[in-house]
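Report on one structure; see the data block that follows.
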Amino acid sequence: MFEVYRKEVKFGDSNLIFETGKIARQADGAVLVTYGGTTVLCTAVASKKDSDADFFPLTVNYQEKAFAAGKIPGGFFKREGRPSEKETLVCRLIDRPIRPLFHKNFKRETQIIATVLEYDFENDPDIVAIIGASAALTISGLPFMGPLGACRVGWNGKKYSLNPKVPEYKDQKLDLVVAGTNEGVLMVESEACELNEKIMLGAVDFGHKEMKSVIKAIVELAEVAAKEPIEISDDEPVEEKNYVKLVKKFKDDFKNAYKIKEKSERSNSLENIKLKIFEELGEDIDKNILSSVIKNEEANIVRSSILKTKKRIDGRDNKTVRNIVAEVSTLPKAHGSALFTRGETQALVVATLGSSQDNQFIDGLDGDKKEHFLLHYNFPPYSVGEAGRVGTPGRREIGHGKLAWRAIHPLLPSLDDFPYTIRIVSEITESNGSSSMATVCGTSLALMDAGVPIHKPIAGIAMGLIKEKDEYVVLSDILGDEDHLGDMDFKVAGTKDGITSLQMDIKITSITSNIMKIALDQALEGRKYILSEMKKAISKPRSSLADNAPKIKILKIKVEKIKEIIGPSGKVIKDICESTNSKIDIDDDGTLKVASPNDECLDAAMKRINDIIVEPELGKVYSGKVVKTVDFGAFVNFLGNRDGLVHISELQDQRTEKTTDICKEGELVKVKVIGFDDRGKVKLSMKRVDQESGEDLEK
């Protein structure tokens, strides 16, 4: 019934297995990929007719099924719902290297679905999903100019490692994902601990070399299992040839428009030229083809001008960074804030500090975990002068936010040194190129303004590329148009001493290692300049937190004291929190965290806690209150909620007939700890203490 094809290859420490022909046979391409004990089903399907869109309508979905890890989903419905942040990020990892490899004339709606079926808690499914998507497309018959390979590269300070296991991530100074073809690299995504350019470039080269065995295996699978390729013509449509002749008549108009440095004015001028072209052709036109022709003409003008003159749209050379204005405390009531402006890109970044109760809980295949550093990036339509829908963050916003998160994360203090939950919100208020890197710069400033002891300031810069055959120019701090019409978006973030995050996307088939080296060297030069401009606003973290920031205290208590602080049914801890306006967290190991809105509330909460956990000292004198009198003595509350017994013989030096002759309930007295009984109860004495001065008479 099944005609199964199988290919196995050694890839790092585990075998990578491709299997097709048994599952999802109605898809154009379907491959079951297993690496170690992790299995992902990848399918590729394209519509049977062209789309009306003027772009390639590719959709990528990556989904982690809870059953893959032997779990039942949380929540009320107990089934998988909207994509998690990780699922969204992996969708982007798959999409970015695959999209440029489709034939330029292929416009059919295409969907790739990668479903995690098994997870072994060692091999991350993201790499398996990228490879599986490549394999499914390669055997599908669709005009995909692959295959491509992918891998994860680690660096432990001495050597690179291929596809380190998930438990090993914490020991690595680098987490880098790279994807590419035999010819070169197409995509890089990474987080690093201030590594220099040489190590980062070496990691990319190492990964590119190792993935070639995977590419070879996919080719061998396709040789026996691939479907007949779809016929795609390289010829231009007849309408396109006619449109090209007309658009050429407006070449000088486009050239003049691209001499305008200001973005809004330039955009208006370009829009007017397009309206003239549409009016001249009348109503009977294919708007999608015409828009594509106009875009190609714009690209030719901008690209040829940069290659020929080495001058860019706004008049800069290829290395100059736009003017920068950085300020902090933009919002005085915030815990920390900054406004970072670079040219026509601007980010308003706000830092908010909270307690551990503000941590984000993440439910993933690896289990539940808490995240104490949150970075949320928002891109409202007004930032580019448009009116549009405002809703939940899209894939782009999640991806840009995670890139900035990776850049900042390695420089944050440990929870032991700074026990706060940190939330960053970056509002992009203007955008003309690399708002994610503006977010990195603004976040660094806002954290320092909030008094968060980051190890060093961090900055980011976006690099671009214009390449025609063997001629190319690498551009520093690219504009939006240079990103849109160029061949590369290469973002580098870090300190003056090393890189903390690197992300690269290529719109051409690949780039060389030499081009990457030039881009990294230029990025270092630009990053140092940006850091020097940021230093004018603030050079190091403030020595104290904002007055309205929460105050947090951490202490270690004996495990047996936990139940005393919590009290029956949580009565004691609830009363402390309500009466002092504080939040209290207690871990099973006795780590206790108290968060209060101000020092007064913190002191009040700590006093209540200390009264519970402090142990009475033998021979020490305390002030207390008589809480109960009995025939044989008086019970005195002398230390928080601790009571002790003053035996009737310890009330005074002479014989006492009745306890109430010496003290009554509610009366304040001085007592001395003279011992403990077999059950740990405290024995007190009044007669050994001067009741007026509190002096220890025995001394």
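Ligands are numbered from 1 in the order shown, chains are lettered A, B, ... in the order of the structure tokens, and residues start at 1 in each chain.
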
(request) as a PyMOL selection string, list the residues of region 547-697 of chain A assigned to strand (DSSP E or B) by DSSP on the backbone atoms of this structure. (result) chain A and resi 551-556+583-586+591-596+621-630+633-639+642-647+668-676+682-685+689+696

For the interface of region 192-296 of chain A with region 108-132 of chain A (cut-off 9 Å, counting only C-alpha atoms), please tabulate each contacting residue of region 192-296 of chain A alongside its nearest pair of atoms and their separation in Å to one decimal, rows sorted by chain and increasing number, as CSV.
residue,atom,partner,partner_atom,distance
A:Val214,CA,A:Ile131,CA,8.0
A:Ile215,CA,A:Ile131,CA,8.7
A:Ile218,CA,A:Ile131,CA,8.8

Spatial neighbours of Gly401 (chain A), max dist 7 Å, only C-alpha atoms, sep filter under 5 positions, as a PDB file with N, CA and C atoms, in the first residue's frame:
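So out_32.pdb came out as:
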ATOM      1  N   LEU A 375      10.338  41.812  27.057  1.00  0.00           N
ATOM      2  CA  LEU A 375      10.553  42.933  26.148  1.00  0.00           C
ATOM      3  C   LEU A 375       9.473  42.898  25.068  1.00  0.00           C
ATOM      4  N   HIS A 376       8.660  43.935  25.059  1.00  0.00           N
ATOM      5  CA  HIS A 376       7.529  44.006  24.132  1.00  0.00           C
ATOM      6  C   HIS A 376       7.731  45.173  23.162  1.00  0.00           C
ATOM      7  N   TYR A 377       7.690  44.844  21.878  1.00  0.00           N
ATOM      8  CA  TYR A 377       7.937  45.810  20.798  1.00  0.00           C
ATOM      9  C   TYR A 377       6.624  46.086  20.079  1.00  0.00           C
TER      10      TYR A 377
END

(request) Tell me which protein, DNA and RNA residues are within 6 Å of region 145-147 of chain A, counting only C-alpha atoms, leaving out same-chain ones fewer than 2 positions away, and put them as a PyMOL selection string. (result) chain A and resi 101-102+134+138

(message) Neighbouring residues of region 314-317 of chain A were defined as those with any atom within 10 Å, considering only C-alpha atoms; residues of the same chain fewer than 6 positions away were excluded. Please report them as number ranges by chain.
(response) A: 258-263, 306, 475-476, 479

(request) Tell me, as JSON, numbers by chain, which residues lie within 10 Å of Ile362 (chain A), counting only C-alpha atoms; anything in the same chain fewer than 5 positions away does not count. (result) {"A": [84, 85, 86, 367, 368, 369, 370, 371]}

Include C-alpha atoms and write out the residues we just selected as a PDB file, in the first residue's frame.
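Saved as result-v6.pdb:
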ATOM      1  CA  SER A  84       3.066  30.556  21.470  1.00  0.00           C
ATOM      2  CA  GLU A  85       5.930  33.007  21.150  1.00  0.00           C
ATOM      3  CA  LYS A  86       8.328  30.164  20.370  1.00  0.00           C
ATOM      4  CA  GLY A 367       7.686  22.163  30.899  1.00  0.00           C
ATOM      5  CA  ASP A 368       6.541  25.287  32.691  1.00  0.00           C
ATOM      6  CA  LYS A 369       9.069  27.999  33.386  1.00  0.00           C
ATOM      7  CA  LYS A 370       9.149  31.580  34.655  1.00  0.00           C
ATOM      8  CA  GLU A 371      10.614  34.498  32.727  1.00  0.00           C
TER       9      GLU A 371
END

(message) Between A:Ile285, A:Thr500, A:Val185, A:Glu191, which residue has the minimum interatomic distance to Lys170 (chain A), considering only C-alpha atoms?
(response)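 Of A:Ile285, A:Thr500, A:Val185, A:Glu191, the one nearest Lys170 (chain A) is A:Glu191, counting only C-alpha atoms.
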
(request) Excluding region 540-542 of chain A and residues on its chain fewer than 6 positions from it, collect all residues at most 12 Å away from it, counting only C-alpha atoms, and give them as JSON, numbers by chain. (result) {"A": [328, 329, 335, 336, 412, 413, 444, 445, 446, 447, 448, 449, 450, 451, 452, 453, 454, 455, 456, 457, 458, 531, 534]}

Kindly provide the residues of region 529-572 of chain A that approach region 605-612 of chain A to within 12 Å, each paired with its closest atom pair and their distance in Å to one decimal, based on only C-alpha atoms, listed by chain and increasing number, as a Markdown table.
| residue | atom | partner | partner_atom | distance |
| --- | --- | --- | --- | --- |
| A:Lys551 | CA | A:Ala605 | CA | 11.3 |
| A:Ile552 | CA | A:Met606 | CA | 10.5 |
| A:Lys553 | CA | A:Met606 | CA | 8.4 |
| A:Ile554 | CA | A:Met606 | CA | 10.0 |
| A:Leu555 | CA | A:Met606 | CA | 9.8 |
| A:Lys556 | CA | A:Asn610 | CA | 11.3 |
| A:Ile557 | CA | A:Asn610 | CA | 9.7 |
| A:Lys558 | CA | A:Ile612 | CA | 11.2 |
| A:Glu560 | CA | A:Ile612 | CA | 11.6 |
| A:Lys561 | CA | A:Ile612 | CA | 7.9 |
| A:Ile562 | CA | A:Ile612 | CA | 9.8 |
| A:Lys563 | CA | A:Ile612 | CA | 10.5 |
| A:Glu564 | CA | A:Ile612 | CA | 7.1 |
| A:Ile565 | CA | A:Ile612 | CA | 6.7 |
| A:Ile566 | CA | A:Ile609 | CA | 10.3 |
| A:Gly567 | CA | A:Ile612 | CA | 10.5 |
| A:Val572 | CA | A:Arg608 | CA | 9.8 |

For those residues, write N, CA and C atoms to a file as a PDB file, in the first residue's frame.
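Printed below is result-v2.pdb as written:
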ATOM      1  N   LYS A 551      10.284  48.163  46.309  1.00  0.00           N
ATOM      2  CA  LYS A 551      11.464  47.848  47.110  1.00  0.00           C
ATOM      3  C   LYS A 551      11.398  46.354  47.459  1.00  0.00           C
ATOM      4  N   ILE A 552      12.479  45.657  47.206  1.00  0.00           N
ATOM      5  CA  ILE A 552      12.491  44.201  47.371  1.00  0.00           C
ATOM      6  C   ILE A 552      13.601  43.783  48.330  1.00  0.00           C
ATOM      7  N   LYS A 553      13.262  42.859  49.199  1.00  0.00           N
ATOM      8  CA  LYS A 553      14.226  42.294  50.144  1.00  0.00           C
ATOM      9  C   LYS A 553      14.172  40.780  50.038  1.00  0.00           C
ATOM     10  N   ILE A 554      15.342  40.156  50.025  1.00  0.00           N
ATOM     11  CA  ILE A 554      15.431  38.696  49.971  1.00  0.00           C
ATOM     12  C   ILE A 554      16.150  38.198  51.216  1.00  0.00           C
ATOM     13  N   LEU A 555      15.613  37.181  51.835  1.00  0.00           N
ATOM     14  CA  LEU A 555      16.305  36.569  52.963  1.00  0.00           C
ATOM     15  C   LEU A 555      16.061  35.066  52.951  1.00  0.00           C
ATOM     16  N   LYS A 556      16.915  34.378  53.644  1.00  0.00           N
ATOM     17  CA  LYS A 556      16.834  32.917  53.736  1.00  0.00           C
ATOM     18  C   LYS A 556      16.345  32.564  55.131  1.00  0.00           C
ATOM     19  N   ILE A 557      15.305  31.759  55.206  1.00  0.00           N
ATOM     20  CA  ILE A 557      14.767  31.351  56.491  1.00  0.00           C
ATOM     21  C   ILE A 557      14.834  29.833  56.610  1.00  0.00           C
ATOM     22  N   LYS A 558      14.706  29.354  57.817  1.00  0.00           N
ATOM     23  CA  LYS A 558      14.675  27.909  58.029  1.00  0.00           C
ATOM     24  C   LYS A 558      13.399  27.338  57.415  1.00  0.00           C
ATOM     25  N   GLU A 560      11.547  24.994  58.329  1.00  0.00           N
ATOM     26  CA  GLU A 560      10.477  24.730  59.293  1.00  0.00           C
ATOM     27  C   GLU A 560       9.710  25.994  59.682  1.00  0.00           C
ATOM     28  N   LYS A 561      10.268  27.167  59.347  1.00  0.00           N
ATOM     29  CA  LYS A 561       9.596  28.427  59.662  1.00  0.00           C
ATOM     30  C   LYS A 561       8.559  28.816  58.605  1.00  0.00           C
ATOM     31  N   ILE A 562       8.600  28.148  57.453  1.00  0.00           N
ATOM     32  CA  ILE A 562       7.700  28.520  56.354  1.00  0.00           C
ATOM     33  C   ILE A 562       6.243  28.436  56.796  1.00  0.00           C
ATOM     34  N   LYS A 563       5.890  27.335  57.461  1.00  0.00           N
ATOM     35  CA  LYS A 563       4.491  27.153  57.854  1.00  0.00           C
ATOM     36  C   LYS A 563       4.059  28.196  58.880  1.00  0.00           C
ATOM     37  N   GLU A 564       4.997  28.699  59.696  1.00  0.00           N
ATOM     38  CA  GLU A 564       4.651  29.721  60.676  1.00  0.00           C
ATOM     39  C   GLU A 564       4.336  31.044  59.985  1.00  0.00           C
ATOM     40  N   ILE A 565       5.094  31.366  58.916  1.00  0.00           N
ATOM     41  CA  ILE A 565       4.837  32.615  58.191  1.00  0.00           C
ATOM     42  C   ILE A 565       3.535  32.522  57.409  1.00  0.00           C
ATOM     43  N   ILE A 566       3.287  31.359  56.827  1.00  0.00           N
ATOM     44  CA  ILE A 566       2.044  31.189  56.072  1.00  0.00           C
ATOM     45  C   ILE A 566       0.849  31.166  57.022  1.00  0.00           C
ATOM     46  N   GLY A 567       0.969  30.429  58.113  1.00  0.00           N
ATOM     47  CA  GLY A 567      -0.107  30.345  59.087  1.00  0.00           C
ATOM     48  C   GLY A 567      -1.213  29.417  58.626  1.00  0.00           C
ATOM     49  N   VAL A 572      -1.777  34.102  58.277  1.00  0.00           N
ATOM     50  CA  VAL A 572      -0.711  35.000  58.731  1.00  0.00           C
ATOM     51  C   VAL A 572      -0.105  35.783  57.561  1.00  0.00           C
TER      52      VAL A 572
END

(request) Point out the residue among A:Leu186, A:Val321, A:Ile466, A:Ile461 with the least atom-to-atom distance to Ile301 (chain A), counting only C-alpha atoms. (result) A:Ile466

(request) In Å, rounded to a single decimal, give me how far CA of Leu201 (chain A) is from CA of Met516 (chain A). (result)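 That distance, rounded to one decimal, is 7.5 Å.
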
(request) Going by DSSP on the backbone, which bits of region 434-652 of chain A are helix (DSSP H, G or I)? Write them as an MDAnalysis selection string, please. (result) chainID A and resid 435:450 480:485 513:534 559:566 568:580 599:613 648:650

Output C-alpha atoms of each residue in that selection to a file, as a PDB file, in the first residue's frame.
ATOM      1  CA  SER A 435      13.478  50.112  14.497  1.00  0.00           C
ATOM      2  CA  SER A 436      14.562  46.879  16.222  1.00  0.00           C
ATOM      3  CA  MET A 437      18.080  48.237  16.656  1.00  0.00           C
ATOM      4  CA  ALA A 438      16.650  51.536  17.922  1.00  0.00           C
ATOM      5  CA  THR A 439      14.791  49.396  20.464  1.00  0.00           C
ATOM      6  CA  VAL A 440      18.092  47.845  21.593  1.00  0.00           C
ATOM      7  CA  CYS A 441      19.650  51.287  22.096  1.00  0.00           C
ATOM      8  CA  GLY A 442      16.565  52.690  23.832  1.00  0.00           C
ATOM      9  CA  THR A 443      16.303  49.643  26.095  1.00  0.00           C
ATOM     10  CA  SER A 444      19.910  50.029  27.211  1.00  0.00           C
ATOM     11  CA  LEU A 445      19.266  53.698  28.071  1.00  0.00           C
ATOM     12  CA  ALA A 446      15.958  53.006  29.853  1.00  0.00           C
ATOM     13  CA  LEU A 447      17.485  50.225  31.970  1.00  0.00           C
ATOM     14  CA  MET A 448      20.331  52.468  33.087  1.00  0.00           C
ATOM     15  CA  ASP A 449      17.833  55.251  33.820  1.00  0.00           C
ATOM     16  CA  ALA A 450      15.870  52.794  35.998  1.00  0.00           C
ATOM     17  CA  GLY A 480      13.746  51.659   4.939  1.00  0.00           C
ATOM     18  CA  ASP A 481      14.052  52.035   1.150  1.00  0.00           C
ATOM     19  CA  GLU A 482      17.551  50.521   1.224  1.00  0.00           C
ATOM     20  CA  ASP A 483      16.173  47.546   3.139  1.00  0.00           C
ATOM     21  CA  HIS A 484      13.213  47.237   0.771  1.00  0.00           C
ATOM     22  CA  LEU A 485      15.254  47.521  -2.436  1.00  0.00           C
ATOM     23  CA  SER A 513      32.034  34.897   4.033  1.00  0.00           C
ATOM     24  CA  ASN A 514      34.066  37.899   2.881  1.00  0.00           C
ATOM     25  CA  ILE A 515      30.947  40.061   2.554  1.00  0.00           C
ATOM     26  CA  MET A 516      29.895  39.019   6.063  1.00  0.00           C
ATOM     27  CA  LYS A 517      33.326  39.965   7.424  1.00  0.00           C
ATOM     28  CA  ILE A 518      33.100  43.421   5.851  1.00  0.00           C
ATOM     29  CA  ALA A 519      29.606  43.861   7.287  1.00  0.00           C
ATOM     30  CA  LEU A 520      30.724  42.817  10.778  1.00  0.00           C
ATOM     31  CA  ASP A 521      33.745  45.146  10.713  1.00  0.00           C
ATOM     32  CA  GLN A 522      31.624  48.090   9.551  1.00  0.00           C
ATOM     33  CA  ALA A 523      29.004  47.234  12.173  1.00  0.00           C
ATOM     34  CA  LEU A 524      31.628  47.380  14.938  1.00  0.00           C
ATOM     35  CA  GLU A 525      32.713  50.835  13.787  1.00  0.00           C
ATOM     36  CA  GLY A 526      29.108  52.030  13.661  1.00  0.00           C
ATOM     37  CA  ARG A 527      28.220  50.425  17.007  1.00  0.00           C
ATOM     38  CA  LYS A 528      31.054  52.249  18.779  1.00  0.00           C
ATOM     39  CA  TYR A 529      29.884  55.574  17.328  1.00  0.00           C
ATOM     40  CA  ILE A 530      26.300  54.956  18.481  1.00  0.00           C
ATOM     41  CA  LEU A 531      27.508  54.040  21.990  1.00  0.00           C
ATOM     42  CA  SER A 532      29.488  57.290  22.166  1.00  0.00           C
ATOM     43  CA  GLU A 533      26.329  59.251  21.294  1.00  0.00           C
ATOM     44  CA  MET A 534      24.272  57.327  23.853  1.00  0.00           C
ATOM     45  CA  VAL A 559      12.391  25.574  56.115  1.00  0.00           C
ATOM     46  CA  GLU A 560      10.477  24.730  59.293  1.00  0.00           C
ATOM     47  CA  LYS A 561       9.596  28.427  59.662  1.00  0.00           C
ATOM     48  CA  ILE A 562       7.700  28.520  56.354  1.00  0.00           C
ATOM     49  CA  LYS A 563       4.491  27.153  57.854  1.00  0.00           C
ATOM     50  CA  GLU A 564       4.651  29.721  60.676  1.00  0.00           C
ATOM     51  CA  ILE A 565       4.837  32.615  58.191  1.00  0.00           C
ATOM     52  CA  ILE A 566       2.044  31.189  56.072  1.00  0.00           C
ATOM     53  CA  PRO A 568      -3.271  28.242  59.147  1.00  0.00           C
ATOM     54  CA  SER A 569      -5.017  28.494  55.734  1.00  0.00           C
ATOM     55  CA  GLY A 570      -2.614  31.299  54.817  1.00  0.00           C
ATOM     56  CA  LYS A 571      -4.025  33.593  57.480  1.00  0.00           C
ATOM     57  CA  VAL A 572      -0.711  35.000  58.731  1.00  0.00           C
ATOM     58  CA  ILE A 573       0.900  35.752  55.358  1.00  0.00           C
ATOM     59  CA  LYS A 574      -2.338  37.247  54.047  1.00  0.00           C
ATOM     60  CA  ASP A 575      -2.552  39.561  57.053  1.00  0.00           C
ATOM     61  CA  ILE A 576       1.072  40.682  56.604  1.00  0.00           C
ATOM     62  CA  CYS A 577       0.520  41.423  52.901  1.00  0.00           C
ATOM     63  CA  GLU A 578      -2.698  43.352  53.481  1.00  0.00           C
ATOM     64  CA  SER A 579      -1.528  45.347  56.495  1.00  0.00           C
ATOM     65  CA  THR A 580       1.789  46.379  54.921  1.00  0.00           C
ATOM     66  CA  ASP A 599      10.680  51.680  52.317  1.00  0.00           C
ATOM     67  CA  GLU A 600       8.108  52.209  55.096  1.00  0.00           C
ATOM     68  CA  CYS A 601       5.940  49.329  53.935  1.00  0.00           C
ATOM     69  CA  LEU A 602       9.015  47.136  53.425  1.00  0.00           C
ATOM     70  CA  ASP A 603      10.256  47.856  56.963  1.00  0.00           C
ATOM     71  CA  ALA A 604       6.823  47.066  58.395  1.00  0.00           C
ATOM     72  CA  ALA A 605       6.613  43.779  56.506  1.00  0.00           C
ATOM     73  CA  MET A 606      10.156  42.798  57.473  1.00  0.00           C
ATOM     74  CA  LYS A 607       9.433  43.527  61.141  1.00  0.00           C
ATOM     75  CA  ARG A 608       6.413  41.238  61.057  1.00  0.00           C
ATOM     76  CA  ILE A 609       8.434  38.500  59.380  1.00  0.00           C
ATOM     77  CA  ASN A 610      11.437  38.888  61.660  1.00  0.00           C
ATOM     78  CA  ASP A 611       9.175  38.667  64.681  1.00  0.00           C
ATOM     79  CA  ILE A 612       8.082  35.250  63.422  1.00  0.00           C
ATOM     80  CA  ILE A 613      11.415  33.822  62.340  1.00  0.00           C
ATOM     81  CA  ILE A 648       4.919  32.047  89.563  1.00  0.00           C
ATOM     82  CA  SER A 649       8.262  31.457  91.279  1.00  0.00           C
ATOM     83  CA  GLU A 650       9.945  33.788  88.749  1.00  0.00           C
TER      84      GLU A 650
END
